[in-house]
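So the structure is just underneath, and the comments pick up after that.
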Amino acid sequence: TPRLPEAAGAVRPAPPAVTPERADEPPVRVYLSRTGGVETVPLEQYVTGVLAAEMPAGFELEALKAQAIAARTFIVRRLATGDTSGTPNRRADVNDTVSHQAYISQAQLSKWPDNGKAEGLAKLQQAVKQTKGLVLVYQGKPITASFFSSSGGYTENSEEYWSVKIPYLRSVPSPWEATINPSNRQTFDIPVDRVLRKLGQQASETSESAFASGSSSRKQAGTAQTRKVNKPIQVLSLTTGRKVKEIRIGGQIYTGREVREKLGLRSTQFTMALDGEDVKITTYGYGHGIGMSQWGANGMAKEGFTATQILKHYYTGVSFQQASHFIK
């Protein structure tokens, strides 16, 4: 994702990071994966660093505000429960990678004005300031505010990608990405042999003839009748979010998530078809599909929806609370 600019007045020699009004904010210890160090910053500065890493400054302000609230909710949930998992020796509250939330350090952000990014950073800081302290809650507790880049038309129920059903992470329509995200649909070819090797099928099975010989009497997803087919690739079922749930490839059955991870696909919403010695794959959207779509949020903002309306669309049954209610 594109990185963003720095605030007006931050062109002084000293980095803009900690200002006096932030001194009373809860500190966040961030493990910096590139250096192995730990950076301790006030809560709202941390949210700014996440926003800078996770969403382009060119997005609409209301989308940026929605992202800021989601990012703040993620870290407040960890702070409130003392969760330090995923950090070396548990000596930090969070890491700076997408396994938690991407984050741009204070040192990096302080260089943005000199790189022509002052206006963008000011916009990010505005989004954080206008949502100061606000977090998403469900039944009185901060939620797992998962988000992803872009959907193929619907978000996903949590249990259909992860192993647990979360009541506020339900599949909802998200049609905006198709018209505003230029890379929402991507098509490419992979040699048949490589596909099968990546899926763990033996080298002796990786010839095109072996691949093409699989037959099935299972029902093709989306059709009303069961019929005898001779297809080496056959979608067997779809999730609620219209993504691949189960698919037969070369005589073996895989989940959509397995195929995505083994082949490095952008999402579990994809089509596959044999094309000579290649498999032609088209993917829709980008990411796990659970929670808020960032491109969808931007599309909603362009149509006039507010940050809170965006968040209530993507997180079912949530409300809002101040972070100070959970952490001091």
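In the structure tokens, each chain is lettered A, B, ... as it comes, each chain's residues begin at 1, and ligands are numbered from 1 in order of appearance.
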
> Counting only C-alpha atoms, what is within 12 Å of Lys123 of chain A, bar same-chain residues fewer than 3 positions away, as JSON, numbers by chain?
Replying inline: {"A": [4, 5, 6, 7, 8, 48, 51, 52, 55, 56, 57, 58, 59, 60, 61, 62, 63, 64, 65, 68, 117, 118, 119, 120, 126, 127, 128, 129, 130]}

> Among segment 24-101 of chain A, which residues carry a DSSP assignment of alpha helix (DSSP H), reported as a PyMOL selection string?
Replying inline: chain A and resi 43-54+61-81

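If only C-alpha atoms are the atoms counted, then among A:Gly116, A:Gly49, A:Pro142, A:Gly251 the closest residue to Gln101 of chain A is A:Gly49.
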
>> Could you list, as JSON, numbers by chain, every residue within 8 Å of segment 244-250 of chain A, counting only C-alpha atoms and ignoring same-chain residues fewer than 2 positions away?
In response: {"A": [160, 196, 210, 211, 212, 213, 214, 232, 233, 234, 235, 236, 237, 238, 239, 242, 252, 253, 254, 255, 256, 257, 268, 269, 270]}

> Contacts of Asn89 of chain A at 12 Å or less, counting only C-alpha atoms, minus same-chain residues fewer than 5 places along, as a PyMOL selection string?
Replying inline: chain A and resi 31+36+38+84+94-95

Atoms to include: all heavy atoms. Write the selected residues as a short mmCIF file (atom, residue, chain, number, x, y, z; two decimals), in the first residue's frame.
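Listed below is the output, again-v1.cif:
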data_model
loop_
_atom_site.label_atom_id
_atom_site.label_comp_id
_atom_site.auth_asym_id
_atom_site.auth_seq_id
_atom_site.Cartn_x
_atom_site.Cartn_y
_atom_site.Cartn_z
N TYR A 31 7.26 -3.96 18.51
CA TYR A 31 8.47 -4.66 18.06
C TYR A 31 8.70 -4.32 16.60
O TYR A 31 7.83 -4.53 15.74
CB TYR A 31 8.32 -6.17 18.23
CG TYR A 31 9.50 -6.93 17.67
CD1 TYR A 31 10.72 -6.96 18.34
CD2 TYR A 31 9.39 -7.61 16.46
CE1 TYR A 31 11.81 -7.65 17.82
CE2 TYR A 31 10.48 -8.30 15.94
CZ TYR A 31 11.68 -8.31 16.62
OH TYR A 31 12.76 -8.98 16.10
N GLY A 36 14.83 -5.20 15.10
CA GLY A 36 14.82 -6.03 16.30
C GLY A 36 14.63 -5.23 17.57
O GLY A 36 14.68 -5.78 18.67
N VAL A 38 12.49 -2.29 20.09
CA VAL A 38 11.13 -2.03 20.54
C VAL A 38 10.95 -0.52 20.67
O VAL A 38 11.73 0.14 21.35
CB VAL A 38 10.84 -2.71 21.89
CG1 VAL A 38 9.45 -2.32 22.40
CG2 VAL A 38 10.93 -4.23 21.74
N THR A 84 0.55 -10.39 24.62
CA THR A 84 1.84 -10.07 23.99
C THR A 84 2.26 -11.17 23.02
O THR A 84 3.43 -11.23 22.62
CB THR A 84 2.93 -9.88 25.05
OG1 THR A 84 3.01 -11.06 25.87
CG2 THR A 84 2.63 -8.67 25.94
N VAL A 94 2.89 -5.58 20.54
CA VAL A 94 2.45 -5.83 19.18
C VAL A 94 3.68 -5.78 18.27
O VAL A 94 4.70 -5.16 18.62
CB VAL A 94 1.42 -4.74 18.76
CG1 VAL A 94 2.05 -3.36 18.65
CG2 VAL A 94 0.67 -5.11 17.49
N ASN A 95 3.62 -6.46 17.11
CA ASN A 95 4.70 -6.30 16.15
C ASN A 95 4.24 -5.42 14.99
O ASN A 95 3.07 -5.04 14.91
CB ASN A 95 5.23 -7.67 15.68
CG ASN A 95 4.23 -8.45 14.82
OD1 ASN A 95 3.63 -7.91 13.89
ND2 ASN A 95 4.06 -9.73 15.12
#

Need the shell around segment 180-194 of chain A: protein/DNA/RNA residues with any atom at most 9 Å away, counting only C-alpha atoms. Skip same-chain ones fewer than 2 positions apart. Format as a PDB file with N, CA and C atoms, in the first residue's frame?
ATOM      1  N   SER A 150      -9.425  -6.005  -0.165  1.00  0.00           N
ATOM      2  CA  SER A 150     -10.516  -5.863  -1.128  1.00  0.00           C
ATOM      3  C   SER A 150     -11.291  -7.162  -1.256  1.00  0.00           C
ATOM      4  N   SER A 151     -12.614  -7.060  -1.419  1.00  0.00           N
ATOM      5  CA  SER A 151     -13.434  -8.266  -1.580  1.00  0.00           C
ATOM      6  C   SER A 151     -13.841  -8.438  -3.039  1.00  0.00           C
ATOM      7  N   GLY A 152     -14.363  -9.607  -3.319  1.00  0.00           N
ATOM      8  CA  GLY A 152     -14.871  -9.873  -4.660  1.00  0.00           C
ATOM      9  C   GLY A 152     -16.372  -9.700  -4.748  1.00  0.00           C
ATOM     10  N   TRP A 176     -18.532  -2.293  -3.850  1.00  0.00           N
ATOM     11  CA  TRP A 176     -17.863  -1.059  -4.289  1.00  0.00           C
ATOM     12  C   TRP A 176     -16.510  -1.300  -4.946  1.00  0.00           C
ATOM     13  N   GLU A 177     -15.801  -2.341  -4.508  1.00  0.00           N
ATOM     14  CA  GLU A 177     -14.437  -2.562  -4.986  1.00  0.00           C
ATOM     15  C   GLU A 177     -14.357  -2.753  -6.494  1.00  0.00           C
ATOM     16  N   ALA A 178     -15.354  -3.425  -7.050  1.00  0.00           N
ATOM     17  CA  ALA A 178     -15.307  -3.778  -8.472  1.00  0.00           C
ATOM     18  C   ALA A 178     -15.171  -2.566  -9.367  1.00  0.00           C
ATOM     19  N   LEU A 196       0.189 -28.769  -9.609  1.00  0.00           N
ATOM     20  CA  LEU A 196       0.057 -30.030  -8.885  1.00  0.00           C
ATOM     21  C   LEU A 196       1.181 -30.223  -7.872  1.00  0.00           C
ATOM     22  N   ARG A 197       2.392 -29.826  -8.233  1.00  0.00           N
ATOM     23  CA  ARG A 197       3.499 -29.937  -7.264  1.00  0.00           C
ATOM     24  C   ARG A 197       3.220 -29.080  -6.038  1.00  0.00           C
ATOM     25  N   LYS A 198       2.760 -27.851  -6.252  1.00  0.00           N
ATOM     26  CA  LYS A 198       2.474 -26.959  -5.134  1.00  0.00           C
ATOM     27  C   LYS A 198       1.341 -27.499  -4.272  1.00  0.00           C
ATOM     28  N   LEU A 199       0.435 -28.251  -4.887  1.00  0.00           N
ATOM     29  CA  LEU A 199      -0.682 -28.834  -4.140  1.00  0.00           C
ATOM     30  C   LEU A 199      -0.307 -30.148  -3.473  1.00  0.00           C
ATOM     31  N   ALA A 203       5.117 -36.222  -8.352  1.00  0.00           N
ATOM     32  CA  ALA A 203       5.634 -35.891  -9.679  1.00  0.00           C
ATOM     33  C   ALA A 203       5.091 -36.824 -10.744  1.00  0.00           C
ATOM     34  N   GLU A 205       2.265 -37.874 -10.985  1.00  0.00           N
ATOM     35  CA  GLU A 205       0.877 -37.530 -11.291  1.00  0.00           C
ATOM     36  C   GLU A 205       0.769 -36.205 -12.027  1.00  0.00           C
ATOM     37  N   THR A 206       1.909 -35.577 -12.312  1.00  0.00           N
ATOM     38  CA  THR A 206       1.842 -34.211 -12.785  1.00  0.00           C
ATOM     39  C   THR A 206       1.836 -34.059 -14.295  1.00  0.00           C
ATOM     40  N   SER A 207       1.591 -35.109 -15.005  1.00  0.00           N
ATOM     41  CA  SER A 207       1.472 -34.944 -16.453  1.00  0.00           C
ATOM     42  C   SER A 207       0.095 -34.397 -16.786  1.00  0.00           C
ATOM     43  N   GLU A 208       0.007 -33.743 -17.894  1.00  0.00           N
ATOM     44  CA  GLU A 208      -1.288 -33.167 -18.287  1.00  0.00           C
ATOM     45  C   GLU A 208      -2.330 -34.257 -18.472  1.00  0.00           C
ATOM     46  N   PHE A 211      -3.664 -35.350 -15.172  1.00  0.00           N
ATOM     47  CA  PHE A 211      -4.454 -34.257 -14.619  1.00  0.00           C
ATOM     48  C   PHE A 211      -5.827 -34.200 -15.257  1.00  0.00           C
ATOM     49  N   ARG A 266      -4.334 -14.395  -4.333  1.00  0.00           N
ATOM     50  CA  ARG A 266      -4.691 -13.180  -3.617  1.00  0.00           C
ATOM     51  C   ARG A 266      -5.894 -13.373  -2.703  1.00  0.00           C
ATOM     52  N   LEU A 274      -8.427 -25.455 -17.088  1.00  0.00           N
ATOM     53  CA  LEU A 274      -7.313 -26.005 -17.843  1.00  0.00           C
ATOM     54  C   LEU A 274      -7.238 -25.318 -19.198  1.00  0.00           C
ATOM     55  N   ASP A 275      -6.040 -24.849 -19.557  1.00  0.00           N
ATOM     56  CA  ASP A 275      -5.826 -24.160 -20.831  1.00  0.00           C
ATOM     57  C   ASP A 275      -4.550 -24.714 -21.447  1.00  0.00           C
ATOM     58  N   GLY A 276      -4.705 -25.842 -22.171  1.00  0.00           N
ATOM     59  CA  GLY A 276      -3.531 -26.514 -22.717  1.00  0.00           C
ATOM     60  C   GLY A 276      -2.691 -27.091 -21.599  1.00  0.00           C
ATOM     61  N   GLU A 277      -1.430 -26.707 -21.529  1.00  0.00           N
ATOM     62  CA  GLU A 277      -0.536 -27.193 -20.485  1.00  0.00           C
ATOM     63  C   GLU A 277      -0.502 -26.256 -19.281  1.00  0.00           C
ATOM     64  N   ASP A 278      -1.359 -25.259 -19.288  1.00  0.00           N
ATOM     65  CA  ASP A 278      -1.425 -24.297 -18.195  1.00  0.00           C
ATOM     66  C   ASP A 278      -2.775 -24.361 -17.489  1.00  0.00           C
ATOM     67  N   VAL A 279      -2.797 -23.824 -16.276  1.00  0.00           N
ATOM     68  CA  VAL A 279      -4.047 -23.580 -15.574  1.00  0.00           C
ATOM     69  C   VAL A 279      -4.259 -22.071 -15.549  1.00  0.00           C
ATOM     70  N   LYS A 280      -5.388 -21.628 -16.088  1.00  0.00           N
ATOM     71  CA  LYS A 280      -5.718 -20.198 -16.098  1.00  0.00           C
ATOM     72  C   LYS A 280      -6.502 -19.892 -14.827  1.00  0.00           C
ATOM     73  N   ILE A 281      -5.985 -18.966 -14.042  1.00  0.00           N
ATOM     74  CA  ILE A 281      -6.582 -18.625 -12.750  1.00  0.00           C
ATOM     75  C   ILE A 281      -6.991 -17.158 -12.742  1.00  0.00           C
ATOM     76  N   THR A 282      -8.213 -16.892 -12.302  1.00  0.00           N
ATOM     77  CA  THR A 282      -8.670 -15.516 -12.101  1.00  0.00           C
ATOM     78  C   THR A 282      -9.056 -15.355 -10.642  1.00  0.00           C
ATOM     79  N   THR A 283      -8.480 -14.348  -9.989  1.00  0.00           N
ATOM     80  CA  THR A 283      -8.820 -14.073  -8.596  1.00  0.00           C
ATOM     81  C   THR A 283      -9.617 -12.779  -8.504  1.00  0.00           C
ATOM     82  N   TYR A 284     -10.444 -12.701  -7.471  1.00  0.00           N
ATOM     83  CA  TYR A 284     -11.266 -11.519  -7.215  1.00  0.00           C
ATOM     84  C   TYR A 284     -11.014 -11.063  -5.785  1.00  0.00           C
ATOM     85  N   GLY A 285     -10.653  -9.786  -5.618  1.00  0.00           N
ATOM     86  CA  GLY A 285     -10.360  -9.264  -4.300  1.00  0.00           C
ATOM     87  C   GLY A 285      -8.966  -9.640  -3.839  1.00  0.00           C
ATOM     88  N   TYR A 286      -8.645  -9.251  -2.594  1.00  0.00           N
ATOM     89  CA  TYR A 286      -7.315  -9.489  -2.042  1.00  0.00           C
ATOM     90  C   TYR A 286      -7.417  -9.565  -0.523  1.00  0.00           C
ATOM     91  N   TRP A 295     -10.853  -1.229   0.492  1.00  0.00           N
ATOM     92  CA  TRP A 295     -11.340  -0.610  -0.749  1.00  0.00           C
ATOM     93  C   TRP A 295     -12.851  -0.422  -0.695  1.00  0.00           C
ATOM     94  N   GLY A 296     -13.541  -1.350  -0.051  1.00  0.00           N
ATOM     95  CA  GLY A 296     -14.982  -1.198   0.117  1.00  0.00           C
ATOM     96  C   GLY A 296     -15.318   0.005   0.977  1.00  0.00           C
ATOM     97  N   ASN A 298     -13.525   2.661   1.239  1.00  0.00           N
ATOM     98  CA  ASN A 298     -13.291   3.853   0.424  1.00  0.00           C
ATOM     99  C   ASN A 298     -14.455   4.096  -0.537  1.00  0.00           C
ATOM    100  N   GLY A 299     -14.994   3.018  -1.087  1.00  0.00           N
ATOM    101  CA  GLY A 299     -16.149   3.153  -1.970  1.00  0.00           C
ATOM    102  C   GLY A 299     -17.366   3.678  -1.237  1.00  0.00           C
TER     103      GLY A 299
END
